[in-house]
file query06.cif (mmCIF, C-alpha atoms and all ligand atoms)
data_target
#
loop_
_atom_site.label_atom_id
_atom_site.label_comp_id
_atom_site.auth_asym_id
_atom_site.auth_seq_id
_atom_site.Cartn_x
_atom_site.Cartn_y
_atom_site.Cartn_z
CA MET A 199 11.80 -31.99 16.06
CA ARG A 200 10.42 -31.07 19.45
CA THR A 201 12.16 -33.93 21.31
CA TRP A 202 15.40 -32.97 19.72
CA ILE A 203 15.09 -29.41 20.98
CA ARG A 204 14.15 -30.62 24.49
CA SER A 205 17.29 -32.73 24.67
CA LEU A 206 19.39 -29.57 24.43
CA ARG A 207 20.32 -27.37 27.34
CA PRO A 208 17.79 -24.55 27.89
CA PHE A 209 20.06 -21.88 26.46
CA ASP A 210 20.71 -23.84 23.28
CA SER A 211 17.09 -24.73 22.90
CA ILE A 212 16.10 -21.07 22.80
CA ALA A 213 18.68 -20.40 20.11
CA VAL A 214 17.62 -23.41 18.08
CA GLN A 215 13.94 -22.61 18.51
CA THR A 216 14.52 -19.06 17.27
CA LEU A 217 16.44 -20.35 14.31
CA ILE A 218 13.72 -22.82 13.42
CA GLU A 219 10.94 -20.27 13.75
CA ARG A 220 12.76 -17.96 11.40
CA THR A 221 13.80 -20.64 8.97
CA ILE A 222 11.71 -20.30 5.88
CA ASP A 223 9.26 -22.92 4.71
CA VAL A 224 10.75 -25.08 1.93
CA ARG A 225 7.30 -25.93 0.55
CA GLU A 226 6.45 -22.23 0.18
CA ALA A 227 9.74 -21.67 -1.62
CA GLU A 228 9.13 -24.64 -3.88
CA ARG A 229 5.61 -23.53 -4.75
CA PHE A 230 6.87 -20.10 -5.74
CA ILE A 231 9.77 -21.40 -7.84
CA ARG A 232 7.35 -23.68 -9.70
CA LEU A 233 4.96 -20.77 -10.27
CA PHE A 234 7.81 -18.60 -11.56
CA HIS A 235 8.93 -21.23 -14.06
CA ALA A 236 5.36 -22.05 -15.10
CA GLU A 237 4.58 -18.42 -15.90
CA ASN A 238 8.01 -17.62 -17.34
CA PRO A 239 8.71 -20.37 -19.86
CA ALA A 240 11.86 -18.56 -21.00
CA ALA A 241 13.40 -19.42 -17.63
CA GLY A 242 13.34 -23.11 -18.60
CA PRO A 243 12.39 -26.04 -16.36
CA PRO A 244 12.49 -25.49 -12.58
CA GLN A 245 14.42 -28.60 -11.46
CA ALA A 246 17.94 -27.18 -11.18
CA ARG A 247 16.71 -24.07 -9.36
CA LEU A 248 14.56 -26.16 -7.02
CA ARG A 249 17.57 -28.23 -5.98
CA GLU A 250 19.65 -25.11 -5.42
CA VAL A 251 16.95 -23.45 -3.30
CA ALA A 252 16.40 -26.58 -1.19
CA ALA A 253 20.14 -26.87 -0.56
CA ASP A 254 20.42 -23.20 0.47
CA ILE A 255 17.50 -23.51 2.86
CA ALA A 256 18.99 -26.65 4.41
CA ARG A 257 22.35 -24.95 4.85
CA TYR A 258 21.46 -21.34 5.67
CA GLY A 259 17.79 -21.46 6.65
CA THR A 260 16.99 -19.18 3.74
CA TYR A 261 17.71 -18.48 0.06
CA ALA A 262 18.04 -15.42 -2.16
CA HIS A 263 15.71 -14.56 -5.04
CA THR A 264 17.18 -13.73 -8.41
CA PHE A 265 16.14 -10.30 -9.69
CA ALA A 266 13.73 -11.94 -12.15
CA GLU A 267 12.10 -13.90 -9.31
CA LEU A 268 11.86 -10.81 -7.14
CA GLU A 269 10.31 -8.75 -9.92
CA PHE A 270 7.82 -11.48 -10.78
CA GLY A 271 7.04 -12.10 -7.10
CA ALA A 272 6.32 -8.42 -6.42
CA ARG A 273 4.07 -8.16 -9.49
CA VAL A 274 2.14 -11.27 -8.50
CA ALA A 275 1.78 -9.90 -4.96
CA TRP A 276 -0.05 -6.96 -6.54
CA ARG A 277 -2.07 -9.33 -8.75
CA ASN A 278 -3.12 -11.18 -5.59
CA SER A 279 -4.18 -8.03 -3.69
CA ASN A 280 -7.84 -8.83 -3.19
CA ARG A 281 -8.72 -5.31 -2.04
CA CYS A 282 -7.27 -3.55 -5.07
CA ILE A 283 -9.56 -2.53 -7.93
CA GLY A 284 -6.62 -1.27 -10.02
CA ARG A 285 -4.89 -4.54 -10.83
CA LEU A 286 -5.25 -4.46 -14.62
CA TYR A 287 -1.71 -3.08 -14.91
CA TRP A 288 0.00 -5.48 -12.50
CA ARG A 289 2.62 -6.42 -15.09
CA SER A 290 3.82 -2.81 -15.32
CA LEU A 291 4.97 -2.57 -11.68
CA ARG A 292 8.52 -1.16 -11.50
CA VAL A 293 10.65 -3.05 -9.02
CA ARG A 294 13.56 -1.25 -7.39
CA ASP A 295 15.88 -3.87 -5.96
CA ARG A 296 17.48 -2.33 -2.87
CA ARG A 297 18.05 -5.55 -0.93
CA GLN A 298 21.63 -4.47 -0.27
CA VAL A 299 20.41 -1.46 1.75
CA THR A 300 20.50 -2.42 5.42
CA SER A 301 20.86 0.89 7.30
CA ALA A 302 17.97 3.09 8.42
CA GLU A 303 19.61 6.09 6.69
CA GLY A 304 19.88 4.09 3.49
CA VAL A 305 16.20 3.17 3.65
CA ALA A 306 15.18 6.82 4.18
CA ILE A 307 17.30 8.01 1.24
CA GLU A 308 15.88 5.33 -1.04
CA CYS A 309 12.30 6.11 0.03
CA VAL A 310 12.83 9.72 -0.99
CA GLU A 311 14.18 8.55 -4.35
CA HIS A 312 11.22 6.16 -4.67
CA LEU A 313 8.80 9.07 -4.21
CA ARG A 314 10.56 11.19 -6.85
CA GLU A 315 10.66 8.36 -9.39
CA ALA A 316 7.08 7.28 -8.66
CA ALA A 317 5.66 10.82 -8.90
CA ASN A 318 7.58 11.37 -12.14
CA GLY A 319 6.38 14.98 -12.40
CA GLY A 320 2.74 13.85 -12.32
CA ARG A 321 2.87 10.85 -14.67
CA ILE A 322 2.72 8.44 -11.76
CA ARG A 323 4.51 5.12 -12.10
CA PRO A 324 3.47 2.12 -9.99
CA THR A 325 6.67 1.26 -8.12
CA VAL A 326 7.91 -0.93 -5.30
CA THR A 327 11.26 -0.61 -3.54
CA VAL A 328 12.37 -3.85 -1.92
CA PHE A 329 14.79 -3.63 0.99
CA ALA A 330 16.61 -6.44 2.82
CA PRO A 331 14.46 -9.42 3.84
CA ASP A 332 14.26 -10.98 7.27
CA VAL A 333 16.99 -13.62 7.53
CA PRO A 334 17.50 -16.13 10.36
CA GLY A 335 18.67 -14.25 13.43
CA ARG A 336 18.55 -10.87 11.69
CA PRO A 337 15.16 -9.27 11.07
CA GLY A 338 15.07 -6.61 8.33
CA LEU A 339 14.39 -2.92 8.85
CA ARG A 340 10.84 -1.59 8.98
CA ILE A 341 9.06 1.63 8.18
CA LEU A 342 6.60 2.55 10.91
CA ASN A 343 4.58 5.00 8.80
CA GLU A 344 1.43 3.59 7.23
CA GLN A 345 2.32 5.38 3.99
CA LEU A 346 5.47 7.26 2.96
CA ILE A 347 3.38 10.44 2.73
CA ARG A 348 0.65 11.12 5.31
CA TYR A 349 -0.57 14.22 7.09
CA ALA A 350 -0.13 14.76 10.82
CA GLY A 351 -3.13 14.71 13.15
CA TYR A 352 -2.45 16.90 16.19
CA ARG A 353 -4.55 16.24 19.28
CA THR A 354 -5.66 19.48 20.89
CA ALA A 355 -6.44 20.17 24.55
CA ASP A 356 -10.21 20.12 23.91
CA GLY A 357 -10.06 16.59 22.45
CA ARG A 358 -10.25 17.47 18.77
CA VAL A 359 -7.66 16.70 16.11
CA VAL A 360 -6.13 19.22 13.72
CA GLY A 361 -5.19 17.43 10.50
CA ASP A 362 -5.80 13.75 9.76
CA PRO A 363 -7.30 12.01 12.81
CA ARG A 364 -6.18 8.66 11.37
CA GLN A 365 -2.60 9.74 12.05
CA ALA A 366 -3.20 10.99 15.61
CA ASP A 367 -1.46 8.03 17.31
CA PHE A 368 1.47 8.11 14.92
CA THR A 369 1.71 11.89 15.36
CA ASP A 370 1.81 11.41 19.15
CA LEU A 371 4.67 8.97 18.63
CA VAL A 372 6.83 11.24 16.49
CA ARG A 373 6.10 14.23 18.71
CA ALA A 374 7.27 12.19 21.69
CA SER A 375 10.49 11.52 19.75
CA GLY A 376 11.05 15.25 19.39
CA TRP A 377 9.39 16.06 16.05
CA ARG A 378 7.73 19.47 15.97
CA GLY A 379 5.17 19.98 13.24
CA ALA A 380 3.83 23.35 12.11
CA GLY A 381 0.40 22.55 13.57
CA GLY A 382 -1.42 22.78 10.22
CA ARG A 383 -4.05 20.52 8.65
CA PHE A 384 -1.74 19.15 5.94
CA ASP A 385 1.72 18.80 7.48
CA VAL A 386 3.66 15.89 5.98
CA LEU A 387 4.81 13.51 8.70
CA PRO A 388 8.46 12.48 9.02
CA LEU A 389 9.55 9.02 7.98
CA VAL A 390 10.29 6.68 10.87
CA VAL A 391 12.60 3.75 10.12
CA ARG A 392 13.24 1.14 12.77
CA SER A 393 16.30 -1.07 12.64
CA GLY A 394 16.93 -4.20 14.70
CA ARG A 395 19.33 -2.43 17.04
CA GLY A 396 19.43 1.23 17.89
CA GLY A 397 16.51 3.63 18.20
CA PRO A 398 14.29 4.54 15.27
CA LEU A 399 15.48 7.08 12.72
CA LEU A 400 13.25 10.11 12.10
CA CYS A 401 13.66 11.85 8.78
CA THR A 402 11.68 14.72 7.23
CA LEU A 403 10.89 14.32 3.54
CA PRO A 404 12.32 17.03 1.29
CA GLY A 405 9.59 19.17 -0.29
CA ASP A 406 10.47 18.18 -3.85
CA ALA A 407 9.77 14.52 -3.01
CA VAL A 408 6.18 15.31 -2.00
CA LEU A 409 3.98 16.17 -4.97
CA GLU A 410 0.67 17.65 -3.78
CA VAL A 411 -2.49 18.89 -5.45
CA PRO A 412 -4.57 21.81 -4.14
CA ILE A 413 -8.28 21.04 -4.46
CA ALA A 414 -10.48 23.39 -6.50
CA HIS A 415 -13.89 22.97 -8.12
CA PRO A 416 -14.50 23.56 -11.85
CA HIS A 417 -17.63 25.69 -11.16
CA TYR A 418 -17.43 26.97 -7.56
CA PRO A 419 -14.62 29.49 -7.03
CA TRP A 420 -15.17 29.37 -3.24
CA PHE A 421 -14.05 25.75 -3.13
CA GLU A 422 -10.38 26.71 -3.08
CA GLU A 423 -11.03 28.73 0.07
CA LEU A 424 -11.62 25.46 1.94
CA GLY A 425 -7.84 25.05 1.75
CA LEU A 426 -8.02 21.35 0.90
CA ARG A 427 -5.16 19.47 -0.73
CA TRP A 428 -3.91 15.92 -1.06
CA HIS A 429 -0.67 14.16 -1.94
CA ALA A 430 -0.34 12.66 -5.42
CA VAL A 431 1.31 9.34 -4.52
CA PRO A 432 -0.29 6.74 -2.23
CA ALA A 433 2.72 4.65 -1.11
CA ILE A 434 1.85 1.96 1.41
CA SER A 435 4.85 1.28 3.61
CA ASP A 436 3.72 -0.90 6.52
CA LEU A 437 3.00 -4.20 4.75
CA CYS A 438 5.39 -7.10 4.30
CA LEU A 439 6.03 -8.42 0.83
CA GLU A 440 5.95 -12.19 1.08
CA ILE A 441 7.46 -14.20 -1.77
CA GLY A 442 8.23 -17.91 -1.70
CA GLY A 443 8.39 -18.04 2.09
CA ILE A 444 10.70 -15.04 2.30
CA CYS A 445 9.39 -11.97 4.09
CA TYR A 446 10.49 -8.53 2.96
CA PRO A 447 9.26 -6.38 5.85
CA CYS A 448 10.30 -3.15 4.18
CA ALA A 449 8.88 -2.88 0.66
CA PRO A 450 6.95 0.37 0.13
CA PHE A 451 4.77 0.31 -3.00
CA ASN A 452 2.54 2.75 -4.82
CA GLY A 453 0.01 3.00 -7.59
CA TRP A 454 -1.96 6.10 -8.47
CA TYR A 455 -5.11 7.34 -6.79
CA MET A 456 -8.71 6.65 -7.69
CA GLY A 457 -10.50 9.95 -6.96
CA ALA A 458 -13.02 8.43 -4.56
CA GLU A 459 -10.28 7.35 -2.14
CA ILE A 460 -9.69 11.01 -1.45
CA GLY A 461 -13.09 12.55 -2.26
CA ALA A 462 -15.30 9.90 -0.67
CA ARG A 463 -13.05 8.74 2.17
CA ASN A 464 -9.99 10.79 3.20
CA LEU A 465 -11.67 14.18 2.97
CA ALA A 466 -15.23 12.97 3.62
CA ASP A 467 -15.26 10.35 6.39
CA VAL A 468 -16.52 11.68 9.71
CA ASP A 469 -13.41 10.30 11.44
CA ARG A 470 -11.07 11.77 8.79
CA TYR A 471 -11.34 15.35 7.42
CA ASP A 472 -15.15 15.38 7.72
CA GLN A 473 -15.71 17.96 4.98
CA LEU A 474 -19.28 17.12 3.93
CA PRO A 475 -21.02 19.53 6.35
CA VAL A 476 -18.68 22.34 5.28
CA VAL A 477 -19.17 21.69 1.57
CA ALA A 478 -22.95 21.32 1.98
CA THR A 479 -23.22 24.61 3.85
CA ARG A 480 -21.22 26.44 1.18
CA LEU A 481 -23.46 24.87 -1.46
CA GLY A 482 -26.49 26.26 0.42
CA LEU A 483 -28.06 22.84 0.96
CA ASP A 484 -30.67 22.06 3.60
CA THR A 485 -28.68 20.17 6.25
CA SER A 486 -31.62 20.07 8.70
CA THR A 487 -33.00 16.88 7.17
CA GLU A 488 -31.32 13.74 5.80
CA ARG A 489 -34.00 13.63 3.12
CA SER A 490 -32.51 16.58 1.27
CA LEU A 491 -29.61 14.19 0.51
CA TRP A 492 -27.19 17.01 1.33
CA ARG A 493 -24.45 14.48 2.17
CA ASP A 494 -24.80 12.78 -1.20
CA HIS A 495 -24.86 16.08 -3.08
CA ALA A 496 -21.80 17.36 -1.20
CA LEU A 497 -20.00 14.05 -1.83
CA VAL A 498 -20.49 14.34 -5.57
CA GLU A 499 -19.23 17.94 -5.70
CA LEU A 500 -16.21 17.05 -3.55
CA ASN A 501 -15.38 14.16 -5.88
CA VAL A 502 -15.84 16.35 -8.95
CA ALA A 503 -13.38 18.78 -7.35
CA VAL A 504 -10.78 16.08 -6.62
CA LEU A 505 -10.88 14.66 -10.17
CA HIS A 506 -10.81 18.14 -11.70
CA SER A 507 -7.89 19.27 -9.54
CA PHE A 508 -5.66 16.28 -10.31
CA GLU A 509 -6.44 16.62 -14.00
CA ARG A 510 -5.65 20.35 -13.92
CA ALA A 511 -2.35 19.64 -12.12
CA GLY A 512 -1.37 16.99 -14.66
CA VAL A 513 -1.29 14.25 -12.02
CA THR A 514 -2.42 10.71 -12.88
CA MET A 515 -5.73 9.76 -11.30
CA THR A 516 -8.55 7.43 -12.24
CA ASP A 517 -12.30 7.63 -11.56
CA HIS A 518 -14.35 4.81 -10.08
CA HIS A 519 -16.48 4.18 -13.17
CA THR A 520 -13.49 3.69 -15.46
CA GLU A 521 -11.61 1.66 -12.87
CA ALA A 522 -14.58 -0.62 -12.18
CA ARG A 523 -14.81 -1.47 -15.87
CA ARG A 524 -11.06 -2.06 -16.05
CA PHE A 525 -11.26 -4.37 -13.09
CA LEU A 526 -13.79 -6.58 -14.84
CA THR A 527 -11.49 -6.64 -17.88
CA HIS A 528 -8.69 -7.74 -15.57
CA LEU A 529 -10.91 -10.43 -14.05
CA ALA A 530 -11.82 -11.78 -17.49
CA ARG A 531 -8.14 -11.87 -18.50
CA GLU A 532 -7.17 -13.73 -15.36
CA GLU A 533 -9.90 -16.29 -15.90
CA LYS A 534 -8.78 -16.73 -19.48
CA ALA A 535 -5.25 -17.39 -18.21
CA GLY A 536 -6.69 -20.14 -16.00
CA ARG A 537 -6.24 -18.27 -12.72
CA VAL A 538 -8.61 -17.20 -9.99
CA CYS A 539 -8.61 -13.51 -9.24
CA PRO A 540 -9.19 -13.08 -5.51
CA ALA A 541 -11.39 -10.10 -4.71
CA ASP A 542 -13.01 -8.75 -1.55
CA TRP A 543 -16.38 -7.28 -2.57
CA SER A 544 -16.48 -4.82 0.33
CA TRP A 545 -13.19 -3.26 -0.80
CA ILE A 546 -13.64 -3.52 -4.56
CA VAL A 547 -17.00 -1.71 -4.67
CA PRO A 548 -16.31 2.06 -4.67
CA PRO A 549 -17.43 4.12 -1.66
CA ILE A 550 -19.73 6.26 -3.82
CA SER A 551 -22.25 5.21 -6.43
CA GLY A 552 -21.45 1.54 -5.86
CA GLY A 553 -24.53 0.31 -7.69
CA ALA A 554 -23.78 2.60 -10.63
CA THR A 555 -20.57 0.64 -11.29
CA PRO A 556 -20.51 -2.89 -12.73
CA VAL A 557 -18.36 -4.36 -9.92
CA PHE A 558 -21.32 -4.05 -7.52
CA HIS A 559 -23.57 -6.53 -9.30
CA ARG A 560 -21.74 -9.78 -8.68
CA TYR A 561 -19.73 -11.81 -6.18
CA TYR A 562 -16.07 -12.83 -6.29
CA ASP A 563 -13.82 -15.72 -5.32
CA ASN A 564 -11.54 -14.66 -2.52
CA PRO A 565 -8.85 -17.23 -1.69
CA ALA A 566 -5.68 -16.01 0.06
CA LEU A 567 -2.87 -16.44 -2.49
CA THR A 568 0.87 -15.79 -2.25
CA PRO A 569 3.07 -13.95 -3.15
CA ALA A 570 1.21 -11.24 -1.26
CA PHE A 571 1.44 -7.98 0.62
CA VAL A 572 0.57 -8.97 4.18
CA ARG A 573 0.37 -7.49 7.63
CA HIS A 574 2.51 -9.26 10.20
CA LYS A 575 2.22 -8.80 13.92
N1 LIG B 1 -6.84 4.47 0.24
C1 LIG B 1 -5.50 4.84 0.56
C2 LIG B 1 -5.39 6.36 0.67
O1 LIG B 1 -6.36 7.03 0.49
C3 LIG B 1 -4.53 4.37 -0.48
C4 LIG B 1 -4.58 2.89 -0.80
C5 LIG B 1 -3.88 2.54 -2.09
N2 LIG B 1 -4.50 3.22 -3.20
C6 LIG B 1 -4.05 3.18 -4.47
N3 LIG B 1 -4.70 3.86 -5.36
N4 LIG B 1 -2.98 2.51 -4.81
O2 LIG B 1 -4.36 6.92 0.89
#

call {"tool": "encode", "arguments": {"input": "query06.cif", "output": "structure tokens"}}
result
Amino acid sequence: MRTWIRSLRPFDSIAVQTLIERTIDVREAERFIRLFHAENPAAGPPQARLREVAADIARYGTYAHTFAELEFGARVAWRNSNRCIGRLYWRSLRVRDRRQVTSAEGVAIECVEHLREAANGGRIRPTVTVFAPDVPGRPGLRILNEQLIRYAGYRTADGRVVGDPRQADFTDLVRASGWRGAGGRFDVLPLVVRSGRGGPLLCTLPGDAVLEVPIAHPHYPWFEELGLRWHAVPAISDLCLEIGGICYPCAPFNGWYMGAEIGARNLADVDRYDQLPVVATRLGLDTSTERSLWRDHALVELNVAVLHSFERAGVTMTDHHTEARRFLTHLAREEKAGRVCPADWSWIVPPISGGATPVFHRYYDNPALTPAFVRHK
């Protein structure tokens, strides 16, 4: 292959090289088609489809998934997500096929619709919207936000951050593009969609697409005064969905929250909202010594508040004890089906009370399987 490229003139060789790099891997495609037919006996034997896919790749450098393949591929990508404790319901993922959408405006509009359908008035539905894949010579669009909904982090002159420090770089970026936020702690960031040509599109999300929950505590009325809130739908938007060698760079997906993600990380981490000292002080705990376990006590009350608030608002949320048990059920089912369930211990074990959940007390296989949600450079 290399000699052949070298025999071309330099200009051609660049074009050919680019084409080859972007041409999808036939073996990956074949492996996926076989998996699809093995797990979907109703689709019949794979031979005819395999021939068709191989011919398309030879001719066009790529092939197109049927809707059934896309739906299955997206669900298996969730099943293969080794960091996710919530995979018991992988078969219930709703797949919105928006491969025909190729404009930045179209992506923004469909993301808004995704958020409305996924939030579903509080009964959250795991959903993925799949936009156009990368094809030879024409990369797909991308969403630059880490999630469809995130809160701005404004850097102040004295080096602090108002809002979510995790979003400080992204907030710098959108401010440089002309976005002006209100300067609050929970300002929803605009969506940024980048297309191959032309500058990125900035788009503010309409309020009715952003379901949020104010955080209150079942026993401490003062808790509401902290002014904490969080969004109901975690929709990761910066990973590629890879199926059978095809990369869908724009495929935002969501599940529902496990309380500890918010109560033990987003609102608690020192480099996020850092609320433990505030909560501990209001609780009247002795913060002068670690041995009072004021951090632990504050963590528990913050997590009680998060779970209580979502419940009160009628928004789907799970707790880490229930979800840990469900995960082991999922693992057992996968083993029974003759599959390995890849799992990363350091992500599966919840960030509070790890040892009080059953997922702590064992190790896991962790092979990298595809289809998958992956980060590309
Ligand atoms: N941990 C992330 C967050 O706090 C969300 C990751 C996905 N979580 C989920 N429950 N599907 O926003």

call {"tool": "atom_distance", "arguments": {"input": "query06.cif", "atom1": "atom CA of A:Leu500", "atom2": "atom CA of A:Arg470"}}
result
14.4 Å

call {"tool": "residues_near_ligand", "arguments": {"input": "query06.cif", "ligand": "ligand LIG 1 (chain B)", "cutoff": "8 Å", "atoms": "all atoms listed in the file", "output": "ChimeraX atom specification"}}
result
/A:282,284,345,348,432-434,452-456,459-460,463-464

call {"tool": "write_last_selection", "arguments": {"input": "query06.cif", "atoms": "C-alpha atoms", "output": "compact mmCIF listing (two decimals), in the frame of the given file"}}
result
# COMPACT_ATOMS: atom_id res chain seq x y z
CA CYS A 282 -7.27 -3.55 -5.07
CA GLY A 284 -6.62 -1.27 -10.02
CA GLN A 345 2.32 5.38 3.99
CA ARG A 348 0.65 11.12 5.31
CA PRO A 432 -0.29 6.74 -2.23
CA ALA A 433 2.72 4.65 -1.11
CA ILE A 434 1.85 1.96 1.41
CA ASN A 452 2.54 2.75 -4.82
CA GLY A 453 0.01 3.00 -7.59
CA TRP A 454 -1.96 6.10 -8.47
CA TYR A 455 -5.11 7.34 -6.79
CA MET A 456 -8.71 6.65 -7.69
CA GLU A 459 -10.28 7.35 -2.14
CA ILE A 460 -9.69 11.01 -1.45
CA ARG A 463 -13.05 8.74 2.17
CA ASN A 464 -9.99 10.79 3.20

call {"tool": "closest_residue", "arguments": {"input": "query06.cif", "among": "A:Ile283, A:Cys445, A:Ile341, A:Ala458", "to": "A:Trp545", "atoms": "all atoms listed in the file"}}
result
A:Ile283

call {"tool": "residues_near_point", "arguments": {"input": "query06.cif", "point": "(3.5, 0.7, -1.1)", "cutoff": "12 Å", "atoms": "all atoms listed in the file", "output": "PDB file with C-alpha atoms, in the coordinates of the input"}}
result
ATOM      1  CA  ALA A 272       6.320  -8.420  -6.420  1.00  0.00           C
ATOM      2  CA  ALA A 275       1.780  -9.900  -4.960  1.00  0.00           C
ATOM      3  CA  TRP A 276      -0.050  -6.960  -6.540  1.00  0.00           C
ATOM      4  CA  SER A 279      -4.180  -8.030  -3.690  1.00  0.00           C
ATOM      5  CA  LEU A 291       4.970  -2.570 -11.680  1.00  0.00           C
ATOM      6  CA  ARG A 292       8.520  -1.160 -11.500  1.00  0.00           C
ATOM      7  CA  VAL A 293      10.650  -3.050  -9.020  1.00  0.00           C
ATOM      8  CA  CYS A 309      12.300   6.110   0.030  1.00  0.00           C
ATOM      9  CA  HIS A 312      11.220   6.160  -4.670  1.00  0.00           C
ATOM     10  CA  LEU A 313       8.800   9.070  -4.210  1.00  0.00           C
ATOM     11  CA  ALA A 316       7.080   7.280  -8.660  1.00  0.00           C
ATOM     12  CA  ARG A 323       4.510   5.120 -12.100  1.00  0.00           C
ATOM     13  CA  PRO A 324       3.470   2.120  -9.990  1.00  0.00           C
ATOM     14  CA  THR A 325       6.670   1.260  -8.120  1.00  0.00           C
ATOM     15  CA  VAL A 326       7.910  -0.930  -5.300  1.00  0.00           C
ATOM     16  CA  THR A 327      11.260  -0.610  -3.540  1.00  0.00           C
ATOM     17  CA  VAL A 328      12.370  -3.850  -1.920  1.00  0.00           C
ATOM     18  CA  ILE A 341       9.060   1.630   8.180  1.00  0.00           C
ATOM     19  CA  ASN A 343       4.580   5.000   8.800  1.00  0.00           C
ATOM     20  CA  GLU A 344       1.430   3.590   7.230  1.00  0.00           C
ATOM     21  CA  GLN A 345       2.320   5.380   3.990  1.00  0.00           C
ATOM     22  CA  LEU A 346       5.470   7.260   2.960  1.00  0.00           C
ATOM     23  CA  ILE A 347       3.380  10.440   2.730  1.00  0.00           C
ATOM     24  CA  VAL A 431       1.310   9.340  -4.520  1.00  0.00           C
ATOM     25  CA  PRO A 432      -0.290   6.740  -2.230  1.00  0.00           C
ATOM     26  CA  ALA A 433       2.720   4.650  -1.110  1.00  0.00           C
ATOM     27  CA  ILE A 434       1.850   1.960   1.410  1.00  0.00           C
ATOM     28  CA  SER A 435       4.850   1.280   3.610  1.00  0.00           C
ATOM     29  CA  ASP A 436       3.720  -0.900   6.520  1.00  0.00           C
ATOM     30  CA  LEU A 437       3.000  -4.200   4.750  1.00  0.00           C
ATOM     31  CA  CYS A 438       5.390  -7.100   4.300  1.00  0.00           C
ATOM     32  CA  LEU A 439       6.030  -8.420   0.830  1.00  0.00           C
ATOM     33  CA  PRO A 447       9.260  -6.380   5.850  1.00  0.00           C
ATOM     34  CA  CYS A 448      10.300  -3.150   4.180  1.00  0.00           C
ATOM     35  CA  ALA A 449       8.880  -2.880   0.660  1.00  0.00           C
ATOM     36  CA  PRO A 450       6.950   0.370   0.130  1.00  0.00           C
ATOM     37  CA  PHE A 451       4.770   0.310  -3.000  1.00  0.00           C
ATOM     38  CA  ASN A 452       2.540   2.750  -4.820  1.00  0.00           C
ATOM     39  CA  GLY A 453       0.010   3.000  -7.590  1.00  0.00           C
ATOM     40  CA  TRP A 454      -1.960   6.100  -8.470  1.00  0.00           C
ATOM     41  CA  PHE A 571       1.440  -7.980   0.620  1.00  0.00           C
ATOM     42  CA  VAL A 572       0.570  -8.970   4.180  1.00  0.00           C
TER      43      VAL A 572
END

call {"tool": "residues_around", "arguments": {"input": "query06.cif", "residues": "A:Val557", "least_positions_apart": "2", "cutoff": "8 Å", "atoms": "all atoms listed in the file", "output": "list of chain:residue names"}}
result
A:Ala522, A:Arg523, A:Phe525, A:Leu526, A:Ile546, A:Val547, A:Gly552, A:Thr555, A:His559, A:Arg560

call {"tool": "atom_distance", "arguments": {"input": "query06.cif", "atom1": "atom CA of A:Leu387", "atom2": "atom CA of A:Val372"}}
result
8.4 Å

call {"tool": "residues_around", "arguments": {"input": "query06.cif", "residues": "A:Phe508", "least_positions_apart": "2", "cutoff": "12 Å", "atoms": "all atoms listed in the file", "output": "PyMOL selection string"}}
result
chain A and resi 320-322+409-416+427-431+454-457+460-461+501-506+510-517

call {"tool": "atom_distance", "arguments": {"input": "query06.cif", "atom1": "atom CA of A:Leu481", "atom2": "atom CA of A:Leu424"}}
result
12.3 Å

call {"tool": "residues_around", "arguments": {"input": "query06.cif", "residues": "A:Ala407", "least_positions_apart": "3", "cutoff": "9 Å", "atoms": "all atoms listed in the file", "output": "PyMOL selection string"}}
result
chain A and resi 310-315+317+403-404

call {"tool": "write_last_selection", "arguments": {"input": "query06.cif", "atoms": "C-alpha atoms", "output": "mmCIF file, in the frame of the given file"}}
result
data_model
loop_
_atom_site.group_PDB
_atom_site.id
_atom_site.type_symbol
_atom_site.label_atom_id
_atom_site.label_comp_id
_atom_site.auth_asym_id
_atom_site.auth_seq_id
_atom_site.Cartn_x
_atom_site.Cartn_y
_atom_site.Cartn_z
ATOM 1 C CA VAL A 310 12.830 9.720 -0.990
ATOM 2 C CA GLU A 311 14.180 8.550 -4.350
ATOM 3 C CA HIS A 312 11.220 6.160 -4.670
ATOM 4 C CA LEU A 313 8.800 9.070 -4.210
ATOM 5 C CA ARG A 314 10.560 11.190 -6.850
ATOM 6 C CA GLU A 315 10.660 8.360 -9.390
ATOM 7 C CA ALA A 317 5.660 10.820 -8.900
ATOM 8 C CA LEU A 403 10.890 14.320 3.540
ATOM 9 C CA PRO A 404 12.320 17.030 1.290
#

call {"tool": "residues_around", "arguments": {"input": "query06.cif", "residues": "stretch 241-258 of chain A", "least_positions_apart": "6", "cutoff": "7 Å", "atoms": "all atoms listed in the file", "output": "list in words"}}
result
Val224, Glu228, Ile231, Arg232 and His235 of chain A
